[in-house]
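Novice: Mind looking over this structure? Questions follow.
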Amino acid sequence: MKKLSFVLIIALLSGFIFTNCKKEEEASADAIEINMSYYKQEITESLPLLLDAFSAEYPQVTIVTEIHPNDGGATNAAAAAAGTLPDLMQQPGWSAIIENAKNGYVLDLSSQPIMGKVIDAALPAVTYQGKQYAVPMDFAGIGIIYNINIFEEYGLEPPTTYLELQEVAAILQDNGVTPFAGLLKENWSIGHFLSMLHGSMLGAKVGGEGVAEFAASMNAGEADWGAVVDSEKMFRIIDWYVANMDEQAFEMNWNEQQAAFAQEEAAMMVQGLWSYGPAIGTNPNLKCGFIPFPWSNNADENKFFADVDSTFTASAQSSPAEQKAALSFLNWLSNPEAVRIWTEDVKLTSVFKGADLSAMDKPFQDLMASSATGAYPWEFQLAPTPTWEQATKNGAHSYALGAATAEEVVASINSSWVENYQP
Amino acid sequence: MVSTQAKRWGTFAAFVSPALILYVMFAIVPMLMGLWLSTTNWDGVGPWVPVQIPIDRFENEVLANLNPSQQAFLNTYYIKDEGQGTYRKQETDEKSLRGYKKYRAMALFSKAGYTNPNFRFVGLANYMKLFSSDSEPDFWPQKLQVVRFKPGDPLTKALSIPKKEFEENFLPNITSSYDSNLIKSLYRINGENYLLDETHFPRKGRKFSVAKELLAQEDIGDEWEGFLDAVEAAAKNSQTLDVQAIMTSTITAAANGSLSPESQTLLENGAVEVYDAARLKSILSSNWFDYSNRMGVLLFTAFFSISNVIAVNVLALLIALALDRKLKTQNVLRSVFFIPNVLSMIVVAFIWQLVFSHVFPLITGTSRWLSNPDVAPALTVTVATWQAMGYYMIIYLAGLQNVPQDILESAAIDGAGGIKRFTGIILPMLVPAITIALFLSISGSLKTFDIIFALYPSTTSTMGVENLTINIYRDAFVDRQAGLATAKAILLMLVIGTITGLQVRATKKREVEL
């Protein structure tokens, strides 16, 4: 009798469990969960707002995020090799897109409606062999974010030439204010600085298209990275820049740079506008402006180092249902509500036609206004990944430490470019 | 009755064979795969079978060299894309080259004579590269010259030079007696520093101060830049300053004789000021330097492993001995020492970054710790030791529990002192614990990755703290040389196997049994 009772209880429990499982399966037949990787750590708090707005319109799609900061490229490379790429990926333009498209890891988006809404200037950064493999999201510039309050306190005007910049820095130094918030604990920022100077000097000499031609010559092993610009002047500007940072700059990472600038311990920081959001988040009373880094004494040559920054790609390794959900998200991104969240909350510019940027803060207005007169493309996006990651970033960092000469840095970039370029 | 033979087979089938299968699947197969990959040029990203091939090459170089059934196999997965002019590999759930199909496709491409540029056999080239002059410069030890003053540094950086720096790293490096005398005349000792005589540089050598004055002159204007650049070039090249010649060659008004007397004076005075500052900066940047030894990947791996193994085991044993006594706070102290081992490596790295960046400078007055390549290796070992010590302390405490108290008491009665009891009884009986602790710490130290990666997110190479595992990661995922990285990983595995094997053999011999 006992045995019979036991068997009956088990049978009842099993029936109950199976019935409920089936109900749940039926309820979630249309629901799908996809994952998204992103590398911009500064949008960690605002990205969910965008995803929530999407989920409100597409309740059956849930997007789970994972951050791949700094080494985003390496993490995605490992995932690609394992066949586990996230369904949606935030990736930088140019080389990352080309590499993924070449290997067949991302979907061709050329025929997607969203691509017709992107401004023409943003398309080259996501195009490989005439097809678009990513949705460009923001146009970003690297320059000087300066504290208007501190400038006004010392009667300073935003510098338009290197001469004026040196004078501004000297006045700040003499008044005990650190000119530039430092970031030398990591190598990427000083790498950006070196690439910005080189790309700007080269751009001033040969124009934006000339920079792409130069990259092609480097690919062919026919150009010398150092010889195409005044290298001596370029490295002297780096010396001057590092000397005008906090004494503790080599112990400061990105968070500490933001904190120093936000707390008004430093008057300027050389950064992309991705750093403006966190700074204003720390100190809402901060009044900031954004100017190109004036490396030249000819003001007309000083333009923003700007290009398409982040993009979204969809993985070709996902299942058809996941790809469909990922494409629905990408096509939704030009929706006015998505653009509003992107510009107002995420605080990045938008590259969609007719996007209303009027609500953006002054630094973004400065970028868009100045970029109307032209900008220098991000040269580092055209270099092979190891050349950028190792030779340029590590080279610039070693130089700042005093452990490598300018000639050694240039030689390392030249040899790395030739070794690592893959047609 | 079940025979002994049958029992043995049953035990093997139930317990040993699943373990063996798992071992083969997750140890032997990956190892063999690693060996295979280390003989290729794979970049870690590129597909093993081509994603797309030009139509003519696919048809004439691949299909033409295969039999019909093989052609049919490839045609199932490669679809002609006239628009792109290629055959493209399909990526759908129904038709996808995965699993054994991928290897069959690779074999067919190979048989047809088509070489995939992303995945090519290179023999032992990756192993040879490790020991050739082509290997990365930071792989081997280096002696670097570290400059203290760079050409573009403002003179304000050299207004005061610490006495030791001045006398050891600057003055002795100046070979020209003229330059040496110039420096001696410009710097005066004041306590622990040499101070620049600022009367020579009333405007701190700031070129822009002179430039601004020149720019304001109508007959000079933008030509100031060429003029001052020429003055600086003369100073850098140790040429005598010939203001008149530079003026004539760079200032139009000077060349045609229309330069105003005021401009003339400003140019002459400015030239002297800029020349003197540039001359001093040139001497400083050429002669103020020190040398710094970078261990390189191989030596740092050895240094880190040896130091960490010694520090961890010695400290863990000392703490275990201390906490083996009957103390009231015994349990609390054991927990305190073990807690770092419970923490995530990221948290440990974050804590120590704060300590080195914010606490140490306050206590010592020295601002750079983790960012100083001369001390970074030792600091890295310190953090790793702090984190791991508690774990080994537990192993030694467990070993100490096995030392019979009666033997120790008898020895004490016989007059053996503390040191004698430790060396004669405790240490020999601790050898089993030492065997396991050494084995774990040696293999763990050689494989360390997370703590170094978290302490130096992107600067392991420049800070001289890149060990072999970080270097392997960098090769595989940043430099995109998965073949080379795998070759290094296999060598590391062999090194770990050899060292730990020898160690276990040596310590096992010394184990005593009661």
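Starting from 1 in every chain, residues are counted up; chains themselves are A, B, ... following the order of the structure tokens, and ligands are numbered from 1 as listed.
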Taking only C-alpha atoms into account, find every residue of chain A that has an atom no more than 7 Å from chain B, and write it out as a VMD selection string.
Specialist: chain A and resid 74 77 to 78 80 to 81 103 to 104 163 166 to 167 185 to 187 236 to 237 239 to 240 243 248 250 to 251 319 386 389 394 398 402 to 403
Novice: Those residues you just picked out, can you put them in a file as a PDB file, in the first residue's frame with N, CA and C atoms?
Specialist:
ATOM      1  N   ALA A  74      39.589  42.006 -28.711  1.00  0.00           N
ATOM      2  CA  ALA A  74      40.166  40.703 -28.368  1.00  0.00           C
ATOM      3  C   ALA A  74      39.076  39.741 -27.896  1.00  0.00           C
ATOM      4  N   ALA A  77      37.098  38.649 -30.782  1.00  0.00           N
ATOM      5  CA  ALA A  77      37.886  37.734 -31.619  1.00  0.00           C
ATOM      6  C   ALA A  77      37.813  36.322 -31.052  1.00  0.00           C
ATOM      7  N   ALA A  78      37.930  36.231 -29.728  1.00  0.00           N
ATOM      8  CA  ALA A  78      37.869  34.914 -29.088  1.00  0.00           C
ATOM      9  C   ALA A  78      36.492  34.298 -29.275  1.00  0.00           C
ATOM     10  N   ALA A  80      34.379  34.971 -31.686  1.00  0.00           N
ATOM     11  CA  ALA A  80      34.189  34.626 -33.103  1.00  0.00           C
ATOM     12  C   ALA A  80      34.817  33.275 -33.405  1.00  0.00           C
ATOM     13  N   ALA A  81      36.024  33.069 -32.866  1.00  0.00           N
ATOM     14  CA  ALA A  81      36.720  31.804 -33.116  1.00  0.00           C
ATOM     15  C   ALA A  81      35.950  30.636 -32.500  1.00  0.00           C
ATOM     16  N   ASN A 103      35.884  38.254 -42.650  1.00  0.00           N
ATOM     17  CA  ASN A 103      35.806  36.886 -42.136  1.00  0.00           C
ATOM     18  C   ASN A 103      34.388  36.326 -42.146  1.00  0.00           C
ATOM     19  N   GLY A 104      33.418  37.158 -42.565  1.00  0.00           N
ATOM     20  CA  GLY A 104      32.042  36.665 -42.642  1.00  0.00           C
ATOM     21  C   GLY A 104      31.363  36.529 -41.297  1.00  0.00           C
ATOM     22  N   LEU A 163      50.702  78.296 -29.879  1.00  0.00           N
ATOM     23  CA  LEU A 163      51.280  79.395 -29.104  1.00  0.00           C
ATOM     24  C   LEU A 163      50.328  79.817 -27.984  1.00  0.00           C
ATOM     25  N   GLN A 166      50.075  77.188 -25.266  1.00  0.00           N
ATOM     26  CA  GLN A 166      51.217  77.216 -24.338  1.00  0.00           C
ATOM     27  C   GLN A 166      51.065  78.344 -23.325  1.00  0.00           C
ATOM     28  N   GLU A 167      50.546  79.472 -23.799  1.00  0.00           N
ATOM     29  CA  GLU A 167      50.367  80.605 -22.894  1.00  0.00           C
ATOM     30  C   GLU A 167      49.288  80.297 -21.850  1.00  0.00           C
ATOM     31  N   LYS A 185      48.111  55.882 -16.686  1.00  0.00           N
ATOM     32  CA  LYS A 185      48.195  54.556 -16.091  1.00  0.00           C
ATOM     33  C   LYS A 185      47.818  53.491 -17.124  1.00  0.00           C
ATOM     34  N   GLU A 186      47.048  53.917 -18.115  1.00  0.00           N
ATOM     35  CA  GLU A 186      46.681  53.043 -19.224  1.00  0.00           C
ATOM     36  C   GLU A 186      47.301  53.630 -20.482  1.00  0.00           C
ATOM     37  N   ASN A 187      47.427  52.800 -21.508  1.00  0.00           N
ATOM     38  CA  ASN A 187      48.167  53.277 -22.674  1.00  0.00           C
ATOM     39  C   ASN A 187      47.295  53.865 -23.776  1.00  0.00           C
ATOM     40  N   ARG A 236      57.751  66.514 -29.703  1.00  0.00           N
ATOM     41  CA  ARG A 236      57.943  67.626 -28.757  1.00  0.00           C
ATOM     42  C   ARG A 236      56.616  68.057 -28.158  1.00  0.00           C
ATOM     43  N   ILE A 237      55.572  68.011 -28.988  1.00  0.00           N
ATOM     44  CA  ILE A 237      54.247  68.377 -28.462  1.00  0.00           C
ATOM     45  C   ILE A 237      53.815  67.344 -27.415  1.00  0.00           C
ATOM     46  N   ASP A 239      55.835  65.687 -25.456  1.00  0.00           N
ATOM     47  CA  ASP A 239      56.622  66.016 -24.253  1.00  0.00           C
ATOM     48  C   ASP A 239      55.947  67.140 -23.473  1.00  0.00           C
ATOM     49  N   TRP A 240      55.579  68.173 -24.220  1.00  0.00           N
ATOM     50  CA  TRP A 240      54.987  69.343 -23.576  1.00  0.00           C
ATOM     51  C   TRP A 240      53.661  68.980 -22.907  1.00  0.00           C
ATOM     52  N   ALA A 243      54.221  66.937 -19.773  1.00  0.00           N
ATOM     53  CA  ALA A 243      54.786  67.788 -18.719  1.00  0.00           C
ATOM     54  C   ALA A 243      53.741  68.705 -18.103  1.00  0.00           C
ATOM     55  N   GLN A 248      50.844  63.180 -10.745  1.00  0.00           N
ATOM     56  CA  GLN A 248      50.457  61.782 -10.504  1.00  0.00           C
ATOM     57  C   GLN A 248      49.924  61.107 -11.767  1.00  0.00           C
ATOM     58  N   PHE A 250      50.914  59.280 -14.108  1.00  0.00           N
ATOM     59  CA  PHE A 250      51.220  57.879 -14.401  1.00  0.00           C
ATOM     60  C   PHE A 250      50.480  56.925 -13.463  1.00  0.00           C
ATOM     61  N   GLU A 251      49.893  57.471 -12.406  1.00  0.00           N
ATOM     62  CA  GLU A 251      49.112  56.643 -11.484  1.00  0.00           C
ATOM     63  C   GLU A 251      47.614  56.851 -11.703  1.00  0.00           C
ATOM     64  N   SER A 319      21.328  32.427 -34.628  1.00  0.00           N
ATOM     65  CA  SER A 319      20.279  31.661 -35.320  1.00  0.00           C
ATOM     66  C   SER A 319      19.408  32.638 -36.108  1.00  0.00           C
ATOM     67  N   PRO A 386      47.040  45.025 -34.490  1.00  0.00           N
ATOM     68  CA  PRO A 386      48.229  44.962 -33.615  1.00  0.00           C
ATOM     69  C   PRO A 386      49.077  46.227 -33.690  1.00  0.00           C
ATOM     70  N   GLU A 389      47.119  48.573 -31.420  1.00  0.00           N
ATOM     71  CA  GLU A 389      47.076  48.121 -30.029  1.00  0.00           C
ATOM     72  C   GLU A 389      48.465  48.071 -29.387  1.00  0.00           C
ATOM     73  N   ASN A 394      51.446  51.156 -27.012  1.00  0.00           N
ATOM     74  CA  ASN A 394      52.594  50.845 -26.148  1.00  0.00           C
ATOM     75  C   ASN A 394      53.773  51.756 -26.470  1.00  0.00           C
ATOM     76  N   SER A 398      55.554  54.026 -23.789  1.00  0.00           N
ATOM     77  CA  SER A 398      56.984  53.885 -23.493  1.00  0.00           C
ATOM     78  C   SER A 398      57.697  55.218 -23.683  1.00  0.00           C
ATOM     79  N   GLY A 402      59.745  57.745 -21.027  1.00  0.00           N
ATOM     80  CA  GLY A 402      61.154  58.056 -21.278  1.00  0.00           C
ATOM     81  C   GLY A 402      61.966  56.824 -21.619  1.00  0.00           C
ATOM     82  N   ALA A 403      61.261  55.684 -21.835  1.00  0.00           N
ATOM     83  CA  ALA A 403      61.972  54.423 -22.055  1.00  0.00           C
ATOM     84  C   ALA A 403      62.126  54.066 -23.531  1.00  0.00           C
TER      85      ALA A 403
END
Novice: Which parts of range 27-121 of chain B does DSSP call alpha helix (DSSP H) when run on the backbone here, written out as a PyMOL selection string?
Specialist: chain B and resi 29-37+55-57+68-77+100-112
Novice: Here is a test: counting only C-alpha atoms, which residue of A:Ala355, A:Met36, A:Met368, A:Ala321 is nearest to Ala306 in chain A?
Specialist: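 Ranking A:Ala355, A:Met36, A:Met368, A:Ala321 by distance to Ala306 in chain A, first place goes to A:Met368.
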Novice: Among range 271-455 of chain B, which ones does DSSP place in strand (DSSP E), written as a ChimeraX atom specification?
Specialist: /B:289-294
Novice: Hey, can you check how far CA of Leu367 in chain A sits from CA of Gly207 in chain A?
Specialist: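 Answer for the CA of Leu367 in chain A to CA of Gly207 in chain A separation: 19.1 Å.
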Novice: Go through A:Gly395, A:Pro423, A:Gly374, A:Gly155 and flag the residue nearest Leu194 in chain A, using only C-alpha atoms for the distances.
Specialist: A:Gly395
Novice: In Å, with one decimal, what is the gap from CA of Leu273 in chain A to CA of Pro86 in chain A?
Specialist: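 For CA of Leu273 in chain A relative to CA of Pro86 in chain A, the distance reads 26.5 Å.
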Novice: Go through A:Met218, A:Leu197, A:Ile413, A:Leu49 and flag the residue nearest Val270 in chain A, using only C-alpha atoms for the distances.
Specialist: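 Looking at the shortest contact to Val270 in chain A, the residue is A:Leu197.
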Novice: Within 10 Å of Ser185 in chain B, counting only C-alpha atoms, which residues qualify if same-chain residues fewer than 5 places away don't, as JSON, numbers by chain?
Specialist: {"B": [179, 180, 196, 197]}
Novice: Produce a file of the selected residues containing N, CA, C and O atoms, as a PDB file, in the first residue's frame.
Specialist:
ATOM      1  N   ASP B 179      80.057  72.335 -22.384  1.00  0.00           N
ATOM      2  CA  ASP B 179      78.694  72.137 -21.871  1.00  0.00           C
ATOM      3  C   ASP B 179      78.715  71.905 -20.361  1.00  0.00           C
ATOM      4  O   ASP B 179      77.862  72.404 -19.624  1.00  0.00           O
ATOM      5  N   SER B 180      79.724  71.138 -19.917  1.00  0.00           N
ATOM      6  CA  SER B 180      79.819  70.836 -18.499  1.00  0.00           C
ATOM      7  C   SER B 180      80.020  72.117 -17.688  1.00  0.00           C
ATOM      8  O   SER B 180      79.357  72.344 -16.666  1.00  0.00           O
ATOM      9  N   LEU B 196      68.382  76.074 -10.787  1.00  0.00           N
ATOM     10  CA  LEU B 196      68.781  76.830 -11.975  1.00  0.00           C
ATOM     11  C   LEU B 196      68.816  78.322 -11.625  1.00  0.00           C
ATOM     12  O   LEU B 196      67.895  78.826 -10.965  1.00  0.00           O
ATOM     13  N   ASP B 197      69.881  78.973 -12.047  1.00  0.00           N
ATOM     14  CA  ASP B 197      69.989  80.407 -11.810  1.00  0.00           C
ATOM     15  C   ASP B 197      69.003  81.099 -12.742  1.00  0.00           C
ATOM     16  O   ASP B 197      69.246  81.256 -13.941  1.00  0.00           O
TER      17      ASP B 197
END
Novice: Counting only C-alpha atoms, what is within 12 Å of Leu323 in chain B, bar same-chain residues fewer than 6 positions away, as a ChimeraX atom specification?
Specialist: /B:316-317,329-337,390,393-394,396-398,400-401
Novice: Please, could you write that set of residues out with C-alpha atoms as a compact mmCIF listing (two decimals), in the first residue's frame?
Specialist:
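Written file, again-v1.txt:
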# COMPACT_ATOMS: atom_id res chain seq x y z
CA ALA B 316 52.45 30.64 5.04
CA LEU B 317 54.53 28.21 7.08
CA THR B 329 42.27 34.73 18.76
CA GLN B 330 43.37 31.66 16.80
CA ASN B 331 40.20 31.30 14.71
CA VAL B 332 39.86 35.02 14.06
CA LEU B 333 43.47 35.27 12.94
CA ARG B 334 43.16 32.22 10.68
CA SER B 335 40.14 33.87 9.03
CA VAL B 336 41.93 37.18 8.68
CA PHE B 337 44.85 35.58 6.84
CA GLY B 390 46.21 32.25 3.36
CA MET B 393 48.64 28.54 5.44
CA ILE B 394 45.64 26.19 5.59
CA TYR B 396 50.47 23.83 6.44
CA LEU B 397 48.02 24.02 9.34
CA ALA B 398 46.49 20.74 8.18
CA LEU B 400 50.79 20.45 11.50
CA GLN B 401 47.71 18.65 12.84
Novice: Set the distance at 12 Å and use only C-alpha atoms: which residues neighbour Ser200 in chain A once local chain neighbours fewer than 3 positions away are removed? I'd like the list as a VMD selection string.
Specialist: chain A and resid 142 to 143 192 to 197 203 to 208 210 to 211 228 to 230 234 292 to 296 300 to 306 374 to 380
Novice: Between CA of Asp87 in chain A and CA of Phe119 in chain B, what is the distance, to one decimal in Å?
Specialist: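 Value for the CA of Asp87 in chain A-CA of Phe119 in chain B distance: 25.7 Å.
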